[in-house]
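Since the structure comes first, as structure tokens, the remarks are kept for the end.
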Amino acid sequence: LPFFHKPPLFYWISGAALAVTGQTEFAARAGSLVGATLAGISLFLFTLRWSGPEMARRAVLVLMVQPLLFLGAQFANLDMLVAGCITATILCLAHTALSFEAGQKYRTALMLSYALAALGVLAKGLIGFVLPAMVIFLWLLLRRRWPSLWALISLPGLLLFLLVAAPWFVLMQQEFDGFLHYFFVVQHFQRFASSGFNNAQPVWFYPLALAACSLPCLLFGKQLLHKNFWRPADQITADLRLLMGLFVLCIVVFFSLPQSKLIGYIIPAVPALAWLMANASLASGQASLDTST
């Protein structure tokens with residue numbers, strides 16, 4: 001039966017896994033496992049490049065023990081897959097900007113960013129590129145990196161985005177008249193603004209849920225509350241902490257605005273928060289070592 005609420009990437013992955021393994025639980029969870037793996041690998045590679053191997057290992061270890069990621073990777077729905085796509089897109093765009101600012105090659109990473117954003121759209125709709133664009137724009141705005149912003153705007157990248165994301169939507173509209181209106185207007189804009197959808201929760205639901213589900217690692221991140229943590233002497237560390245802080249903040253604020261709230265919506269914030277907790281614990285350990293010596 002036609003299912004007009006969500007795009008097809010999760011179901012394509014599930015169908016491919018079913019074709020290979022038969023009707024198994026693994027096949028049902030394959031899309032979520034792909035999303036969690038994508039989030040973990042992208043976080044590791046980005047951190048390895050810009051913060052070194054010790055921080056990369058720590059960030060991934062903290063991420064792996066987060067309850068929301070652990071459960072989301074095994075729960076057969078779309079939230080973990082789109083979270084992985086959003087995480088990979090943001091980190092790839094940030095890598096592109098930092099490479100551009102360092103005078104290094106960046107165009108391959110830029111094209112990959114657009115492709116990942118298109119996969120995010122195919123995973124769950126407009127948030128696949130709206131949220132990455134929001135995070136990166138605010139990050140560059142606060143850093144006043146206007147040349148980097150222009151470097152991220154690419155006509156070939158836009159064409160690649162459309163080549164990956166658009167065909168399914170065009171074919172659906174041709175097959176089912178009114179699909180685009182239902183998918184984008186009803187399921188995106190009206191659902192975001194309406195209070196009539198499922199699971200209405202107060203505005204503080206996601207901050208509380210994210211904090212509770214980040215224990216006990218959050219206890220080791222007490223430095224996140226100190227203003228000096230956000231003003232390190234090293235510029236690249238300051239840029240990365242700002243990026244991850246905005247990453248968490250944008251996701252939490254965006255999904256806190258509608259009354260309808262499901263716990264899986266907040267999963268895109270988990271990798272960035274894991275990075276911050278790992279970085280805070282590493283900085284705390286270094287500070288303790290410096291004091292003792």
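Just remember, in the structure tokens the first chain shown is A, the second B, etc., residues are 1-based per chain, and ligands are 1-based in the order shown.
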Give me the residues near Phe161 in chain A as a compact mmCIF listing (two decimals) with C-alpha atoms, in the first residue's frame, where near means some atom within 8 Å (using only C-alpha atoms) and where sequence neighbours in that chain fewer than 2 positions away do not count.
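Result written to part.txt:
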# COMPACT_ATOMS: atom_id res chain seq x y z
CA TYR A 114 25.36 17.76 -0.67
CA ALA A 115 24.95 14.03 -1.34
CA ALA A 117 21.98 16.09 2.69
CA ALA A 118 20.03 14.50 -0.17
CA GLY A 157 26.50 20.50 -5.36
CA LEU A 158 22.91 21.64 -5.78
CA LEU A 159 22.62 19.67 -9.01
CA LEU A 163 19.93 14.25 -8.83
CA VAL A 164 19.92 12.14 -5.67
CA ALA A 165 16.80 13.43 -3.90
CA ALA A 166 14.38 14.68 -6.55
Can you build me a table of range 214-270 of chain A residues sitting at most 10 Å from range 83-101 of chain A, with the closest atom pair per residue and its distance in Å to one decimal, using only C-alpha atoms, sorted by chain and residue number, as JSON lines?
{"residue": "A:Ile236", "atom": "CA", "partner": "A:Leu98", "partner_atom": "CA", "distance": 8.9}
{"residue": "A:Asp239", "atom": "CA", "partner": "A:Leu98", "partner_atom": "CA", "distance": 9.3}
{"residue": "A:Leu240", "atom": "CA", "partner": "A:Ala94", "partner_atom": "CA", "distance": 8.9}
{"residue": "A:Leu243", "atom": "CA", "partner": "A:Ala94", "partner_atom": "CA", "distance": 8.1}
{"residue": "A:Met244", "atom": "CA", "partner": "A:Leu91", "partner_atom": "CA", "distance": 9.5}
{"residue": "A:Phe247", "atom": "CA", "partner": "A:Ile90", "partner_atom": "CA", "distance": 8.3}
{"residue": "A:Gly264", "atom": "CA", "partner": "A:Ala83", "partner_atom": "CA", "distance": 9.1}
{"residue": "A:Tyr265", "atom": "CA", "partner": "A:Ala83", "partner_atom": "CA", "distance": 8.4}
{"residue": "A:Ile266", "atom": "CA", "partner": "A:Ala83", "partner_atom": "CA", "distance": 8.5}
{"residue": "A:Ile267", "atom": "CA", "partner": "A:Ala83", "partner_atom": "CA", "distance": 6.0}
{"residue": "A:Pro268", "atom": "CA", "partner": "A:Ala83", "partner_atom": "CA", "distance": 4.3}
{"residue": "A:Ala269", "atom": "CA", "partner": "A:Ala83", "partner_atom": "CA", "distance": 8.1}
{"residue": "A:Val270", "atom": "CA", "partner": "A:Ala83", "partner_atom": "CA", "distance": 8.8}
If we count only C-alpha atoms and set the cut-off at 10 Å, which residues sit around Cys217 in chain A, ignoring sequence neighbours fewer than 6 positions away in its own chain? Please answer as a VMD selection string. chain A and resid 62 to 63 65 to 66 211 274 277 to 278 281
Closest of A:Leu38, A:Leu69, A:Ala280, A:Met55 to Gly221 in chain A, counting only C-alpha atoms, is A:Ala280
*asked:* Residues within 12 Å of Phe3 in chain A, please, as JSON, numbers by chain. Count only C-alpha atoms; anything in the same chain fewer than 5 positions from it doesn't count.
replied: {"A": [8, 11, 172, 176, 179, 182, 183]}
List every residue of range 156-269 of chain A that has an atom at most 9 Å from any atom of range 126-150 of chain A, giving for each one its closest atom pair and the distance in Å to one decimal, counting only C-alpha atoms, sorted by chain and then by ascending residue number, as a Markdown table.
| residue | atom | partner | partner_atom | distance |
| --- | --- | --- | --- | --- |
| A:Phe184 | CA | A:Leu126 | CA | 8.1 |
| A:His188 | CA | A:Leu126 | CA | 7.7 |
| A:Asp239 | CA | A:Arg143 | CA | 7.9 |
| A:Leu242 | CA | A:Trp139 | CA | 7.1 |
| A:Leu243 | CA | A:Trp139 | CA | 5.9 |
| A:Leu246 | CA | A:Val135 | CA | 6.2 |
| A:Phe247 | CA | A:Val135 | CA | 5.7 |
| A:Leu249 | CA | A:Val135 | CA | 8.9 |
| A:Cys250 | CA | A:Val135 | CA | 6.5 |
| A:Ile251 | CA | A:Leu131 | CA | 7.3 |
| A:Phe254 | CA | A:Leu131 | CA | 8.4 |
With only C-alpha atoms as the counted atoms, please give the residues lying no more than 6 Å from Val82 in chain A, apart from itself and same-chain residues fewer than 3 positions off, as a ChimeraX atom specification.
/A:79,85,120,123
Taking all heavy atoms for each residue, export the selection above as an mmCIF file, in the first residue's frame.
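Wrote it out as selection39.cif, contents follow:
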data_model
loop_
_atom_site.group_PDB
_atom_site.id
_atom_site.type_symbol
_atom_site.label_atom_id
_atom_site.label_comp_id
_atom_site.auth_asym_id
_atom_site.auth_seq_id
_atom_site.Cartn_x
_atom_site.Cartn_y
_atom_site.Cartn_z
ATOM 1 N N ASP A 79 14.092 7.344 12.850
ATOM 2 C CA ASP A 79 14.779 8.401 13.590
ATOM 3 C C ASP A 79 16.296 8.245 13.586
ATOM 4 O O ASP A 79 17.031 9.223 13.427
ATOM 5 C CB ASP A 79 14.256 8.449 15.026
ATOM 6 C CG ASP A 79 12.803 8.886 15.084
ATOM 7 O OD1 ASP A 79 12.371 9.636 14.191
ATOM 8 O OD2 ASP A 79 12.090 8.467 16.024
ATOM 9 N N CYS A 85 22.307 10.674 9.060
ATOM 10 C CA CYS A 85 22.485 11.529 7.881
ATOM 11 C C CYS A 85 22.726 12.977 8.276
ATOM 12 O O CYS A 85 23.593 13.661 7.697
ATOM 13 C CB CYS A 85 21.258 11.428 6.978
ATOM 14 S SG CYS A 85 21.028 9.828 6.177
ATOM 15 N N GLY A 120 19.629 12.528 3.580
ATOM 16 C CA GLY A 120 18.835 12.918 4.734
ATOM 17 C C GLY A 120 17.403 13.247 4.356
ATOM 18 O O GLY A 120 16.461 12.900 5.075
ATOM 19 N N ALA A 123 15.648 10.193 3.778
ATOM 20 C CA ALA A 123 15.449 9.446 5.012
ATOM 21 C C ALA A 123 14.213 9.922 5.775
ATOM 22 O O ALA A 123 13.448 9.111 6.302
ATOM 23 C CB ALA A 123 16.673 9.568 5.918
#
query: Which residues, written as number ranges by chain, have at least one atom at most 12 Å from Ala212 in chain A, with only C-alpha atoms counted and residues fewer than 5 positions away on the same chain left out?
result: A: 66-68, 205-207, 217-219, 263, 270
I need the residues from that last selection saved to file as a PDB file, in the first residue's frame (with N, CA, C and O atoms), if you can.
ATOM      1  N   GLN A  66      25.865   5.860  24.887  1.00  0.00           N
ATOM      2  CA  GLN A  66      24.677   6.688  25.089  1.00  0.00           C
ATOM      3  C   GLN A  66      23.414   5.854  24.894  1.00  0.00           C
ATOM      4  O   GLN A  66      23.245   5.215  23.850  1.00  0.00           O
ATOM      5  N   PRO A  67      22.512   5.837  25.869  1.00  0.00           N
ATOM      6  CA  PRO A  67      21.308   5.005  25.758  1.00  0.00           C
ATOM      7  C   PRO A  67      20.479   5.306  24.518  1.00  0.00           C
ATOM      8  O   PRO A  67      19.946   4.378  23.898  1.00  0.00           O
ATOM      9  N   LEU A  68      20.360   6.588  24.148  1.00  0.00           N
ATOM     10  CA  LEU A  68      19.534   6.927  22.994  1.00  0.00           C
ATOM     11  C   LEU A  68      20.125   6.357  21.706  1.00  0.00           C
ATOM     12  O   LEU A  68      19.388   5.894  20.825  1.00  0.00           O
ATOM     13  N   PHE A 205      10.588  19.197  27.718  1.00  0.00           N
ATOM     14  CA  PHE A 205      10.662  17.735  27.617  1.00  0.00           C
ATOM     15  C   PHE A 205      12.009  17.272  27.058  1.00  0.00           C
ATOM     16  O   PHE A 205      12.659  16.390  27.633  1.00  0.00           O
ATOM     17  N   TYR A 206      12.452  17.852  25.942  1.00  0.00           N
ATOM     18  CA  TYR A 206      13.687  17.373  25.310  1.00  0.00           C
ATOM     19  C   TYR A 206      14.947  17.705  26.103  1.00  0.00           C
ATOM     20  O   TYR A 206      15.837  16.837  26.226  1.00  0.00           O
ATOM     21  N   PRO A 207      15.099  18.932  26.642  1.00  0.00           N
ATOM     22  CA  PRO A 207      16.292  19.149  27.468  1.00  0.00           C
ATOM     23  C   PRO A 207      16.402  18.179  28.639  1.00  0.00           C
ATOM     24  O   PRO A 207      17.486  17.656  28.915  1.00  0.00           O
ATOM     25  N   CYS A 217      27.624   9.769  31.744  1.00  0.00           N
ATOM     26  CA  CYS A 217      28.705  10.527  31.111  1.00  0.00           C
ATOM     27  C   CYS A 217      28.566  12.023  31.347  1.00  0.00           C
ATOM     28  O   CYS A 217      29.572  12.739  31.421  1.00  0.00           O
ATOM     29  N   LEU A 218      27.327  12.502  31.477  1.00  0.00           N
ATOM     30  CA  LEU A 218      27.112  13.932  31.682  1.00  0.00           C
ATOM     31  C   LEU A 218      27.749  14.413  32.974  1.00  0.00           C
ATOM     32  O   LEU A 218      28.147  15.580  33.086  1.00  0.00           O
ATOM     33  N   LEU A 219      27.893  13.515  33.953  1.00  0.00           N
ATOM     34  CA  LEU A 219      28.511  13.893  35.219  1.00  0.00           C
ATOM     35  C   LEU A 219      29.987  14.239  35.043  1.00  0.00           C
ATOM     36  O   LEU A 219      30.549  14.990  35.841  1.00  0.00           O
ATOM     37  N   ILE A 263      10.495  10.856  21.583  1.00  0.00           N
ATOM     38  CA  ILE A 263      11.851  10.818  22.116  1.00  0.00           C
ATOM     39  C   ILE A 263      12.892  10.631  21.011  1.00  0.00           C
ATOM     40  O   ILE A 263      14.002  11.163  21.083  1.00  0.00           O
ATOM     41  N   VAL A 270      22.581  13.712  19.908  1.00  0.00           N
ATOM     42  CA  VAL A 270      23.389  12.827  20.754  1.00  0.00           C
ATOM     43  C   VAL A 270      24.863  12.806  20.343  1.00  0.00           C
ATOM     44  O   VAL A 270      25.738  12.908  21.213  1.00  0.00           O
TER      45      VAL A 270
END
Original post:
Just how far from CA of Trp12 in chain A is CA of Asp177 in chain A, in Å to one decimal?
Top reply: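 About the pair CA of Asp177 in chain A and CA of Trp12 in chain A: they are 22.6 Å apart.
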| said: Could you check the closest approach to Leu112 in chain A for each of A:Leu81, A:Ile13, A:Ala272, A:Leu152 and tell me which residue wins, using only C-alpha atoms? | reply: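 Of A:Leu81, A:Ile13, A:Ala272, A:Leu152, the one nearest Leu112 in chain A, counting only C-alpha atoms, is A:Leu152.
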Hey, what's within 6 Å of range 24-32 of chain A if we count only C-alpha atoms and toss same-chain stuff fewer than 5 positions away? As JSON, numbers by chain, please? {"A": [10, 13, 14, 17, 18, 73, 74, 76, 80, 81]}
Rounded to one decimal in Å, what is the spacing between CA of Ser256 in chain A and CA of Gly125 in chain A?
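Pair CA of Ser256 in chain A / CA of Gly125 in chain A returns 18.1 Å.
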In terms of only C-alpha atoms, the residue from A:Val253, A:Trp168, A:Ala102, A:Gln174 at minimal distance from Trp50 in chain A is A:Ala102
Atomic separation - CA of Ser113 in chain A relative to CA of Leu162 in chain A, Å
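Atom-to-atom, CA of Leu162 in chain A and CA of Ser113 in chain A are spaced 12.9 Å apart.
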For Phe4 in chain A, the closest of A:Leu215, A:Leu210, A:Ala200, A:Val186 counting only C-alpha atoms is A:Val186
Using only C-alpha atoms, the shortest atom-to-atom distance to Pro7 in chain A among A:Gln187, A:Leu155, A:Phe75, A:Ala36 belongs to A:Gln187
Run DSSP on the backbone and give me the residues of range 71-107 of chain A it puts in helix (DSSP H, G or I), as a short mmCIF file (atom, residue, chain, number, x, y, z; two decimals) with N, CA and C atoms, in the first residue's frame.
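File written: selection-v7.cif
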data_model
loop_
_atom_site.label_atom_id
_atom_site.label_comp_id
_atom_site.auth_asym_id
_atom_site.auth_seq_id
_atom_site.Cartn_x
_atom_site.Cartn_y
_atom_site.Cartn_z
N LEU A 71 19.79 2.33 21.90
CA LEU A 71 18.43 1.87 21.63
C LEU A 71 17.97 2.26 20.23
N GLY A 72 18.31 3.49 19.81
CA GLY A 72 17.90 3.94 18.48
C GLY A 72 18.48 3.10 17.37
N ASP A 79 14.09 7.34 12.85
CA ASP A 79 14.78 8.40 13.59
C ASP A 79 16.30 8.24 13.59
N MET A 80 16.79 7.04 13.79
CA MET A 80 18.23 6.85 13.84
C MET A 80 18.87 7.05 12.48
N LEU A 81 18.18 6.66 11.43
CA LEU A 81 18.73 6.82 10.08
C LEU A 81 18.88 8.29 9.73
N VAL A 82 17.85 9.10 9.97
CA VAL A 82 17.96 10.52 9.65
C VAL A 82 18.95 11.20 10.59
N ALA A 83 19.07 10.74 11.83
CA ALA A 83 20.06 11.30 12.75
C ALA A 83 21.47 11.07 12.22
N GLY A 84 21.73 9.87 11.69
CA GLY A 84 23.03 9.60 11.11
C GLY A 84 23.32 10.48 9.90
N CYS A 85 22.31 10.67 9.06
CA CYS A 85 22.49 11.53 7.88
C CYS A 85 22.73 12.98 8.28
N ILE A 86 21.97 13.48 9.26
CA ILE A 86 22.15 14.86 9.71
C ILE A 86 23.53 15.04 10.32
N THR A 87 23.96 14.11 11.15
CA THR A 87 25.28 14.19 11.77
C THR A 87 26.38 14.21 10.72
N ALA A 88 26.31 13.29 9.78
CA ALA A 88 27.33 13.20 8.74
C ALA A 88 27.34 14.46 7.88
N THR A 89 26.17 15.01 7.56
CA THR A 89 26.10 16.21 6.74
C THR A 89 26.72 17.40 7.45
N ILE A 90 26.37 17.61 8.71
CA ILE A 90 26.92 18.75 9.46
C ILE A 90 28.43 18.64 9.59
N LEU A 91 28.92 17.47 9.94
CA LEU A 91 30.36 17.30 10.13
C LEU A 91 31.12 17.41 8.81
N CYS A 92 30.51 16.94 7.73
CA CYS A 92 31.16 17.05 6.43
C CYS A 92 31.21 18.51 5.97
N LEU A 93 30.13 19.26 6.21
CA LEU A 93 30.12 20.69 5.88
C LEU A 93 31.13 21.45 6.73
N ALA A 94 31.21 21.11 8.01
CA ALA A 94 32.19 21.77 8.88
C ALA A 94 33.61 21.44 8.44
N HIS A 95 33.85 20.19 8.08
CA HIS A 95 35.17 19.81 7.56
C HIS A 95 35.49 20.58 6.29
N THR A 96 34.51 20.75 5.42
CA THR A 96 34.70 21.51 4.19
C THR A 96 35.09 22.95 4.51
N ALA A 97 34.38 23.58 5.43
CA ALA A 97 34.67 24.97 5.78
C ALA A 97 36.05 25.11 6.41
N LEU A 98 36.38 24.22 7.34
CA LEU A 98 37.69 24.29 7.99
C LEU A 98 38.82 24.04 7.00
N SER A 99 38.61 23.12 6.07
CA SER A 99 39.62 22.86 5.04
C SER A 99 39.80 24.07 4.14
N PHE A 100 38.69 24.70 3.76
CA PHE A 100 38.76 25.91 2.95
C PHE A 100 39.54 27.01 3.67
N GLU A 101 39.26 27.19 4.96
CA GLU A 101 39.94 28.22 5.73
C GLU A 101 41.42 27.93 5.91
N ARG A 107 36.76 20.51 -2.20
CA ARG A 107 35.61 20.34 -3.11
C ARG A 107 35.02 18.94 -3.06
#
